[in-house]
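Q: Below you'll find target.tsv; it's TSV, C-alpha atoms and all ligand atoms.
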```tsv
chain	number	residue	atom	x	y	z
A	6	MET	CA	174.96	-10.09	-11.75
A	7	LYS	CA	171.55	-11.56	-10.87
A	8	ASP	CA	170.88	-14.91	-12.51
A	9	ILE	CA	167.30	-14.16	-13.35
A	10	TYR	CA	166.45	-16.90	-15.81
A	11	ASN	CA	167.88	-19.63	-13.61
A	12	SER	CA	165.98	-18.33	-10.62
A	13	ILE	CA	162.75	-18.40	-12.66
A	14	THR	CA	163.34	-22.01	-13.73
A	15	ALA	CA	164.31	-22.99	-10.17
A	16	SER	CA	161.06	-21.51	-8.84
A	17	THR	CA	159.10	-23.23	-11.60
A	18	LEU	CA	160.61	-26.60	-10.68
A	19	LYS	CA	159.65	-26.04	-7.04
A	20	GLY	CA	156.14	-24.97	-8.04
A	21	LYS	CA	156.70	-21.50	-6.57
A	22	LYS	CA	154.54	-19.03	-8.49
A	23	LEU	CA	156.00	-15.70	-9.56
A	24	LEU	CA	154.35	-12.32	-9.96
A	25	ALA	CA	155.59	-9.37	-12.00
A	26	VAL	CA	154.29	-5.84	-11.90
A	27	LEU	CA	154.53	-4.03	-15.22
A	28	ILE	CA	155.57	-0.40	-15.03
A	29	ASP	CA	155.03	1.63	-18.18
A	30	PRO	CA	157.70	4.38	-18.27
A	31	ASP	CA	155.38	6.56	-20.28
A	32	LYS	CA	152.79	6.63	-17.52
A	33	ALA	CA	155.04	6.45	-14.44
A	34	LYS	CA	155.83	9.71	-12.67
A	35	LEU	CA	159.42	9.80	-11.43
A	36	GLU	CA	158.51	11.67	-8.25
A	37	SER	CA	155.90	9.05	-7.25
A	38	LEU	CA	158.07	6.01	-7.91
A	39	SER	CA	159.65	5.69	-4.45
A	40	GLY	CA	156.20	5.38	-2.82
A	41	ILE	CA	155.02	2.97	-5.50
A	42	ILE	CA	158.09	0.79	-5.16
A	43	GLN	CA	157.69	0.72	-1.39
A	44	LYS	CA	154.22	-0.75	-1.86
A	45	ILE	CA	155.54	-3.26	-4.39
A	46	ASP	CA	158.35	-4.31	-2.07
A	47	LEU	CA	155.87	-5.16	0.67
A	48	SER	CA	153.68	-7.18	-1.70
A	49	LEU	CA	153.84	-10.63	-3.29
A	50	VAL	CA	155.56	-9.19	-6.37
A	51	THR	CA	158.79	-11.00	-7.28
A	52	HIS	CA	159.83	-9.13	-10.45
A	53	ILE	CA	159.49	-5.63	-11.84
A	54	PHE	CA	158.94	-5.51	-15.59
A	55	VAL	CA	159.47	-2.16	-17.30
A	56	GLY	CA	158.20	-1.39	-20.77
A	57	GLY	CA	155.38	-0.21	-22.94
A	58	SER	CA	154.19	-0.15	-26.50
A	59	ILE	CA	154.97	3.53	-27.03
A	60	VAL	CA	157.53	5.16	-24.75
A	61	LYS	CA	159.42	8.44	-25.14
A	62	GLU	CA	163.14	8.03	-25.70
A	63	LYS	CA	165.20	8.05	-22.45
A	64	ALA	CA	162.07	7.66	-20.27
A	65	THR	CA	162.84	3.99	-19.62
A	66	ASP	CA	166.37	4.70	-18.47
A	67	LEU	CA	165.22	7.37	-16.02
A	68	VAL	CA	162.45	5.17	-14.64
A	69	VAL	CA	164.72	2.12	-14.25
A	70	LYS	CA	167.38	4.17	-12.45
A	71	GLU	CA	164.78	5.55	-10.06
A	72	ILE	CA	163.27	2.09	-9.38
A	73	LYS	CA	166.70	0.67	-8.68
A	74	LYS	CA	167.31	3.24	-5.95
A	75	HIS	CA	164.41	1.82	-3.95
A	76	THR	CA	164.38	-1.96	-4.41
A	77	LYS	CA	166.46	-5.09	-4.74
A	78	LEU	CA	163.79	-6.87	-6.81
A	79	PRO	CA	165.00	-7.90	-10.26
A	80	ILE	CA	164.23	-5.31	-12.95
A	81	VAL	CA	163.44	-6.89	-16.30
A	82	LEU	CA	162.96	-4.90	-19.49
A	83	PHE	CA	159.84	-5.76	-21.45
A	84	PRO	CA	160.54	-3.46	-24.37
A	85	GLY	CA	158.16	-2.36	-27.08
A	86	ASP	CA	161.07	-0.91	-28.99
A	87	VAL	CA	164.86	-0.74	-29.25
A	88	THR	CA	164.86	2.73	-27.67
A	89	GLN	CA	163.68	1.15	-24.42
A	90	ILE	CA	166.89	-0.78	-23.86
A	91	THR	CA	168.89	0.46	-20.89
A	92	ASN	CA	171.92	-1.09	-19.31
A	93	ASN	CA	170.64	-0.12	-15.88
A	94	ALA	CA	168.12	-2.97	-15.73
A	95	ASP	CA	169.09	-6.53	-14.81
A	96	ALA	CA	167.65	-8.46	-17.74
A	97	ILE	CA	165.70	-8.08	-20.94
A	98	LEU	CA	162.97	-10.26	-22.37
A	99	PHE	CA	164.21	-10.55	-25.95
A	100	LEU	CA	160.72	-10.82	-27.36
A	101	SER	CA	159.90	-12.24	-30.73
A	102	LEU	CA	156.25	-11.78	-31.60
A	103	ILE	CA	155.72	-15.31	-32.91
A	104	SER	CA	151.93	-15.03	-33.13
A	105	GLY	CA	152.34	-12.44	-35.88
A	106	ARG	CA	153.90	-12.43	-39.30
A	107	ASN	CA	155.43	-8.98	-39.23
A	108	ALA	CA	159.16	-9.51	-39.78
A	109	GLU	CA	159.92	-6.28	-37.95
A	110	TYR	CA	158.79	-7.79	-34.63
A	111	LEU	CA	159.98	-11.31	-35.43
A	112	ILE	CA	163.61	-10.39	-36.14
A	113	GLU	CA	164.28	-6.84	-37.41
A	114	LYS	CA	164.06	-5.01	-34.05
A	115	HIS	CA	166.39	-7.67	-32.65
A	116	VAL	CA	169.01	-7.00	-35.30
A	117	GLN	CA	168.73	-3.28	-34.55
A	118	SER	CA	169.30	-3.89	-30.84
A	119	VAL	CA	172.49	-5.94	-31.12
A	120	ALA	CA	174.84	-2.96	-30.96
A	121	LYS	CA	173.26	-1.87	-27.67
A	122	LEU	CA	173.08	-5.37	-26.17
A	123	LYS	CA	176.65	-6.30	-27.08
A	124	ASP	CA	178.03	-3.63	-24.80
A	125	SER	CA	175.58	-4.15	-21.98
A	126	ASN	CA	175.52	-6.34	-18.88
A	127	LEU	CA	171.88	-7.20	-19.41
A	128	GLU	CA	170.90	-10.84	-19.13
A	129	VAL	CA	169.19	-11.54	-22.43
A	130	ILE	CA	166.28	-13.98	-22.19
A	131	PRO	CA	164.89	-15.13	-25.56
A	132	THR	CA	161.11	-15.13	-25.23
A	133	GLY	CA	158.40	-16.31	-27.58
A	134	TYR	CA	155.68	-13.68	-27.34
A	135	ILE	CA	152.18	-14.78	-28.35
A	136	LEU	CA	149.36	-12.30	-28.62
A	137	ILE	CA	145.92	-13.84	-28.20
A	138	GLU	CA	142.56	-12.36	-29.10
A	139	SER	CA	141.04	-10.73	-26.04
A	140	GLY	CA	137.81	-9.02	-27.04
A	141	ASN	CA	139.32	-5.60	-27.75
A	142	ILE	CA	142.11	-4.14	-29.86
A	143	THR	CA	145.12	-3.66	-27.59
A	144	ALA	CA	148.19	-1.48	-28.02
A	145	VAL	CA	150.41	-4.45	-28.97
A	146	GLU	CA	148.14	-5.30	-31.88
A	147	HIS	CA	148.01	-1.68	-32.99
A	148	VAL	CA	151.74	-0.95	-32.72
A	149	SER	CA	152.99	-4.28	-34.08
A	150	ARG	CA	150.47	-4.27	-36.92
A	151	THR	CA	149.85	-7.97	-36.35
A	152	LYS	CA	146.66	-9.86	-35.72
A	153	PRO	CA	146.39	-11.77	-32.44
A	154	LEU	CA	145.85	-15.51	-32.69
A	155	PRO	CA	142.13	-16.31	-32.42
A	156	ARG	CA	141.16	-18.20	-29.24
A	157	GLU	CA	140.13	-21.15	-31.40
A	158	PRO	CA	141.54	-23.48	-32.58
A	159	ILE	CA	143.61	-23.79	-29.41
A	160	GLN	CA	145.87	-26.28	-31.18
A	161	LYS	CA	147.29	-23.42	-33.27
A	162	ILE	CA	148.22	-21.52	-30.10
A	163	VAL	CA	149.75	-24.66	-28.57
A	164	GLU	CA	151.78	-25.34	-31.72
A	165	THR	CA	152.94	-21.73	-31.92
A	166	ALA	CA	154.19	-21.94	-28.33
A	167	LYS	CA	155.90	-25.28	-28.98
A	168	ALA	CA	157.52	-23.94	-32.16
A	169	GLY	CA	158.93	-21.09	-30.07
A	170	GLU	CA	160.38	-23.55	-27.59
A	171	LEU	CA	161.83	-25.71	-30.38
A	172	LEU	CA	163.47	-22.61	-31.82
A	173	GLY	CA	165.30	-22.26	-28.50
A	174	MET	CA	163.20	-19.64	-26.76
A	175	LYS	CA	163.65	-19.87	-23.00
A	176	LEU	CA	160.28	-18.47	-22.00
A	177	ILE	CA	156.86	-18.43	-23.62
A	178	TYR	CA	154.63	-15.43	-22.90
A	179	LEU	CA	150.88	-15.69	-23.52
A	180	GLU	CA	149.65	-12.12	-23.85
A	181	ALA	CA	146.07	-10.90	-23.99
A	182	GLY	CA	147.37	-7.32	-24.24
A	183	SER	CA	147.53	-4.60	-21.64
A	184	GLY	CA	144.06	-3.62	-20.50
A	185	ALA	CA	142.54	-6.64	-22.26
A	186	LYS	CA	138.84	-7.20	-21.73
A	187	GLU	CA	139.36	-10.93	-21.25
A	188	PRO	CA	142.55	-12.50	-19.92
A	189	VAL	CA	143.96	-15.59	-21.62
A	190	SER	CA	141.56	-18.44	-20.86
A	191	GLU	CA	142.33	-21.20	-18.39
A	192	THR	CA	141.95	-23.86	-21.10
A	193	ILE	CA	144.49	-22.13	-23.34
A	194	ILE	CA	146.97	-21.81	-20.45
A	195	LYS	CA	146.46	-25.45	-19.47
A	196	LEU	CA	146.91	-26.89	-22.95
A	197	VAL	CA	149.94	-24.74	-23.74
A	198	LYS	CA	151.58	-25.58	-20.41
A	199	GLN	CA	151.15	-29.31	-21.00
A	200	GLU	CA	153.33	-29.09	-24.11
A	201	LEU	CA	156.11	-26.93	-22.71
A	202	GLN	CA	159.31	-27.64	-20.82
A	203	VAL	CA	160.18	-23.95	-20.43
A	204	PRO	CA	158.46	-21.60	-17.94
A	205	LEU	CA	155.22	-19.97	-19.01
A	206	ILE	CA	154.38	-16.28	-18.52
A	207	VAL	CA	150.78	-15.07	-18.74
A	208	GLY	CA	149.60	-11.46	-18.79
A	209	GLY	CA	146.96	-9.03	-19.94
A	210	GLY	CA	143.61	-8.21	-18.38
A	211	ILE	CA	144.23	-9.85	-14.99
A	212	ARG	CA	142.48	-7.64	-12.45
A	213	THR	CA	141.35	-9.84	-9.57
A	214	ARG	CA	142.78	-12.32	-7.11
A	215	LYS	CA	140.51	-14.98	-8.63
A	216	GLN	CA	141.86	-14.41	-12.15
A	217	LEU	CA	145.40	-14.54	-10.79
A	218	GLU	CA	144.71	-17.83	-8.99
A	219	ASN	CA	143.05	-19.25	-12.09
A	220	ALA	CA	146.09	-18.42	-14.21
A	221	TYR	CA	148.42	-20.06	-11.68
A	222	GLN	CA	146.25	-23.14	-11.28
A	223	SER	CA	146.03	-23.56	-15.05
A	224	GLY	CA	149.82	-23.59	-15.31
A	225	ALA	CA	151.17	-20.02	-15.49
A	226	ASP	CA	154.54	-19.87	-13.76
A	227	LEU	CA	154.77	-16.10	-13.79
A	228	VAL	CA	151.85	-13.68	-14.10
A	229	VAL	CA	152.24	-10.06	-15.20
A	230	ILE	CA	149.93	-7.34	-13.90
A	231	GLY	CA	150.03	-3.71	-15.02
A	232	THR	CA	146.68	-1.96	-15.43
A	233	ALA	CA	145.08	-3.21	-12.20
A	234	PHE	CA	147.96	-1.67	-10.21
A	235	GLU	CA	148.04	1.50	-12.31
A	236	GLU	CA	144.36	2.03	-11.53
A	237	ASN	CA	144.59	1.08	-7.86
A	238	GLU	CA	147.89	1.40	-6.02
A	239	SER	CA	146.55	-0.75	-3.19
A	240	PHE	CA	145.87	-3.64	-5.56
A	241	PHE	CA	148.78	-5.80	-4.42
A	242	GLU	CA	148.07	-5.10	-0.73
A	243	GLU	CA	144.47	-6.12	-1.28
A	244	ILE	CA	145.34	-9.41	-2.96
A	245	LYS	CA	147.92	-10.16	-0.26
A	246	ARG	CA	145.27	-9.58	2.40
A	247	GLU	CA	142.91	-11.92	0.53
A	248	THR	CA	145.63	-14.59	0.49
A	249	ILE	CA	146.34	-14.33	4.19
A	250	GLN	CA	142.66	-14.41	5.24
B	1	LIG	C1	150.82	-6.39	-20.71
B	1	LIG	O1	150.67	-8.52	-19.80
B	1	LIG	C2	150.86	-7.20	-19.48
B	1	LIG	O2	151.84	-6.73	-21.54
B	1	LIG	C3	149.96	-6.65	-18.42
B	1	LIG	O3	148.65	-6.42	-18.84
B	1	LIG	O4	148.10	-4.13	-18.05
B	1	LIG	O5	146.28	-5.76	-18.55
B	1	LIG	O6	147.71	-6.05	-16.56
B	1	LIG	P1	147.63	-5.56	-17.94
```
As structure tokens, please, write out the structure in this file.

A:
Amino acid sequence: MKDIYNSITASTLKGKKLLAVLIDPDKAKLESLSGIIQKIDLSLVTHIFVGGSIVKEKATDLVVKEIKKHTKLPIVLFPGDVTQITNNADAILFLSLISGRNAEYLIEKHVQSVAKLKDSNLEVIPTGYILIESGNITAVEHVSRTKPLPREPIQKIVETAKAGELLGMKLIYLEAGSGAKEPVSETIIKLVKQELQVPLIVGGGIRTRKQLENAYQSGADLVVIGTAFEENESFFEEIKRETIQ
């Protein structure tokens, strides 16, 4: 069994930045996955996240199985729903949407998933998930029927993240939403990071090497990128080239 959380914290302590690609099982085509994974394997990507806001039942399992055939990278579920839980992944971000006040996404989905998780080998990583206003309405906002936290006052975002940590969450995830117009700002990342002991994930709307660097420099330990790679399969090669130059 891969010890995914401990390897994330070990990297964080060493200052090694991590990069996850997000694969949405609803958009991924099984027959193209081997080629896609080959590209990912040659890139700077350290983790493969699998999940989406709306995914057909069983799609996640099929996609995870196919990914696993082609890579040794850790596969982490980032589920939008209980139906996306599959024992074939390595770990699951057990997300509680702490920016919202919809009990369904704070605790109810978690209760519903216990029967599946109890019998699985998945490493369960409790994660405080914080949706932040990004300039457009994203799928998370729509599906969860919660409002994102406004970008101001930042103190409210910082305190939400800290409350998550004090509740025992092992990761905090600042989310602008997939396809967000604006990623989470550097100031927000910086101020949240200053308050936290646990590793910080940042995602949503990151489409350039510069935005990725900015997120890391502000304090993100792990950055998640989905849309930029969905739209351009050479995205990770391009940013790797930019790093080497
Ligand atoms: C969404 O943070 C992830 O949950 C990734 O967002 O698709 O905008 O890269 P993008």

Q: Taking all atoms listed in the file and a cut-off of 6 Å, can you tell me which residues surround ligand LIG 1 (chain B), written as a VMD selection string?

A: chain A and resid 180 182 to 185 208 to 211 229 to 233

Q: Hey, can you check how far CA of Ala120 (chain A) sits from CA of Ile90 (chain A)?

A: 10.9 Å

Q: Between CA of Leu127 (chain A) and CA of Val81 (chain A), what is the distance, to one decimal in Å?

A: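 Between these atoms lies a distance of 9.0 Å.
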
Q: Which residues are close to region 9-23 of chain A, i.e. within 8 Å by all atoms listed in the file, leaving aside same-chain residues fewer than 4 positions away? Reply as a VMD selection string.

A: chain A and resid 50 to 52 79 95 to 96 128 130 203 to 204 221 225 to 228

Q: Those residues you just picked out, can you put them in a file as a PDB file, in the frame of the given file with C-alpha atoms?

A:
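Below is the file that was written, out30.pdb:
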```
ATOM      1  CA  VAL A  50     155.560  -9.190  -6.370  1.00  0.00           C
ATOM      2  CA  THR A  51     158.790 -11.000  -7.280  1.00  0.00           C
ATOM      3  CA  HIS A  52     159.830  -9.130 -10.450  1.00  0.00           C
ATOM      4  CA  PRO A  79     165.000  -7.900 -10.260  1.00  0.00           C
ATOM      5  CA  ASP A  95     169.090  -6.530 -14.810  1.00  0.00           C
ATOM      6  CA  ALA A  96     167.650  -8.460 -17.740  1.00  0.00           C
ATOM      7  CA  GLU A 128     170.900 -10.840 -19.130  1.00  0.00           C
ATOM      8  CA  ILE A 130     166.280 -13.980 -22.190  1.00  0.00           C
ATOM      9  CA  VAL A 203     160.180 -23.950 -20.430  1.00  0.00           C
ATOM     10  CA  PRO A 204     158.460 -21.600 -17.940  1.00  0.00           C
ATOM     11  CA  TYR A 221     148.420 -20.060 -11.680  1.00  0.00           C
ATOM     12  CA  ALA A 225     151.170 -20.020 -15.490  1.00  0.00           C
ATOM     13  CA  ASP A 226     154.540 -19.870 -13.760  1.00  0.00           C
ATOM     14  CA  LEU A 227     154.770 -16.100 -13.790  1.00  0.00           C
ATOM     15  CA  VAL A 228     151.850 -13.680 -14.100  1.00  0.00           C
TER      16      VAL A 228
END
```

Q: Suppose you want the space between CA of Ser58 (chain A) and CA of Arg214 (chain A); what is it in Å?

A: 25.6 Å

Q: Could you give me, as a PDB file with C-alpha atoms, keeping the file's coordinate frame, the residues that sit within 6 Å of (157.7, -2.7, -26.9) in the file's coordinates, counting only C-alpha atoms?

A:
```pdb
ATOM      1  CA  GLY A  57     155.380  -0.210 -22.940  1.00  0.00           C
ATOM      2  CA  SER A  58     154.190  -0.150 -26.500  1.00  0.00           C
ATOM      3  CA  PRO A  84     160.540  -3.460 -24.370  1.00  0.00           C
ATOM      4  CA  GLY A  85     158.160  -2.360 -27.080  1.00  0.00           C
ATOM      5  CA  ASP A  86     161.070  -0.910 -28.990  1.00  0.00           C
TER       6      ASP A  86
END
```

Q: The residues within 10 Å of (157.4, 3.5, -22.0), using all atoms listed in the file and the coordinates of the file, should be reported as an mmCIF file with C-alpha atoms, in the frame of the given file; which are they?

A:
```cif
data_model
loop_
_atom_site.group_PDB
_atom_site.id
_atom_site.type_symbol
_atom_site.label_atom_id
_atom_site.label_comp_id
_atom_site.auth_asym_id
_atom_site.auth_seq_id
_atom_site.Cartn_x
_atom_site.Cartn_y
_atom_site.Cartn_z
ATOM 1 C CA ILE A 28 155.570 -0.400 -15.030
ATOM 2 C CA ASP A 29 155.030 1.630 -18.180
ATOM 3 C CA PRO A 30 157.700 4.380 -18.270
ATOM 4 C CA ASP A 31 155.380 6.560 -20.280
ATOM 5 C CA LYS A 32 152.790 6.630 -17.520
ATOM 6 C CA ALA A 33 155.040 6.450 -14.440
ATOM 7 C CA VAL A 55 159.470 -2.160 -17.300
ATOM 8 C CA GLY A 56 158.200 -1.390 -20.770
ATOM 9 C CA GLY A 57 155.380 -0.210 -22.940
ATOM 10 C CA SER A 58 154.190 -0.150 -26.500
ATOM 11 C CA ILE A 59 154.970 3.530 -27.030
ATOM 12 C CA VAL A 60 157.530 5.160 -24.750
ATOM 13 C CA LYS A 61 159.420 8.440 -25.140
ATOM 14 C CA GLU A 62 163.140 8.030 -25.700
ATOM 15 C CA LYS A 63 165.200 8.050 -22.450
ATOM 16 C CA ALA A 64 162.070 7.660 -20.270
ATOM 17 C CA THR A 65 162.840 3.990 -19.620
ATOM 18 C CA ASP A 66 166.370 4.700 -18.470
ATOM 19 C CA VAL A 68 162.450 5.170 -14.640
ATOM 20 C CA PHE A 83 159.840 -5.760 -21.450
ATOM 21 C CA PRO A 84 160.540 -3.460 -24.370
ATOM 22 C CA GLY A 85 158.160 -2.360 -27.080
ATOM 23 C CA ASP A 86 161.070 -0.910 -28.990
ATOM 24 C CA THR A 88 164.860 2.730 -27.670
ATOM 25 C CA GLN A 89 163.680 1.150 -24.420
#
```

Q: Tell me which of A:Glu164, A:Glu218, A:Glu187, A:Glu170 sits closest to Thr143 (chain A), counting all atoms listed in the file.

A: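 Once distances to Thr143 (chain A) are computed over all atoms listed in the file, the minimum belongs to A:Glu187.
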
Q: Give me the residues near Ala166 (chain A) as an NGL selection string, where near means some atom within 8 Å (using all atoms listed in the file) and where sequence neighbours in that chain fewer than 6 positions away do not count.

A: :A and (133 or 135 or 177 or 197 or 201)

Q: Of the candidates A:His147, A:Asn92, A:Lys195, A:Tyr110, which shows the shortest atom-to-atom distance to Val69 (chain A), using all atoms listed in the file?

A: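 Using all atoms listed in the file, the shortest distance to Val69 (chain A) belongs to A:Asn92.
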
Q: With distances taken over all atoms listed in the file, which residue among A:Lys175, A:His75, A:His115, A:Lys70 lies nearest Ile41 (chain A)?

A: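 The closest residue to Ile41 (chain A) is A:His75.
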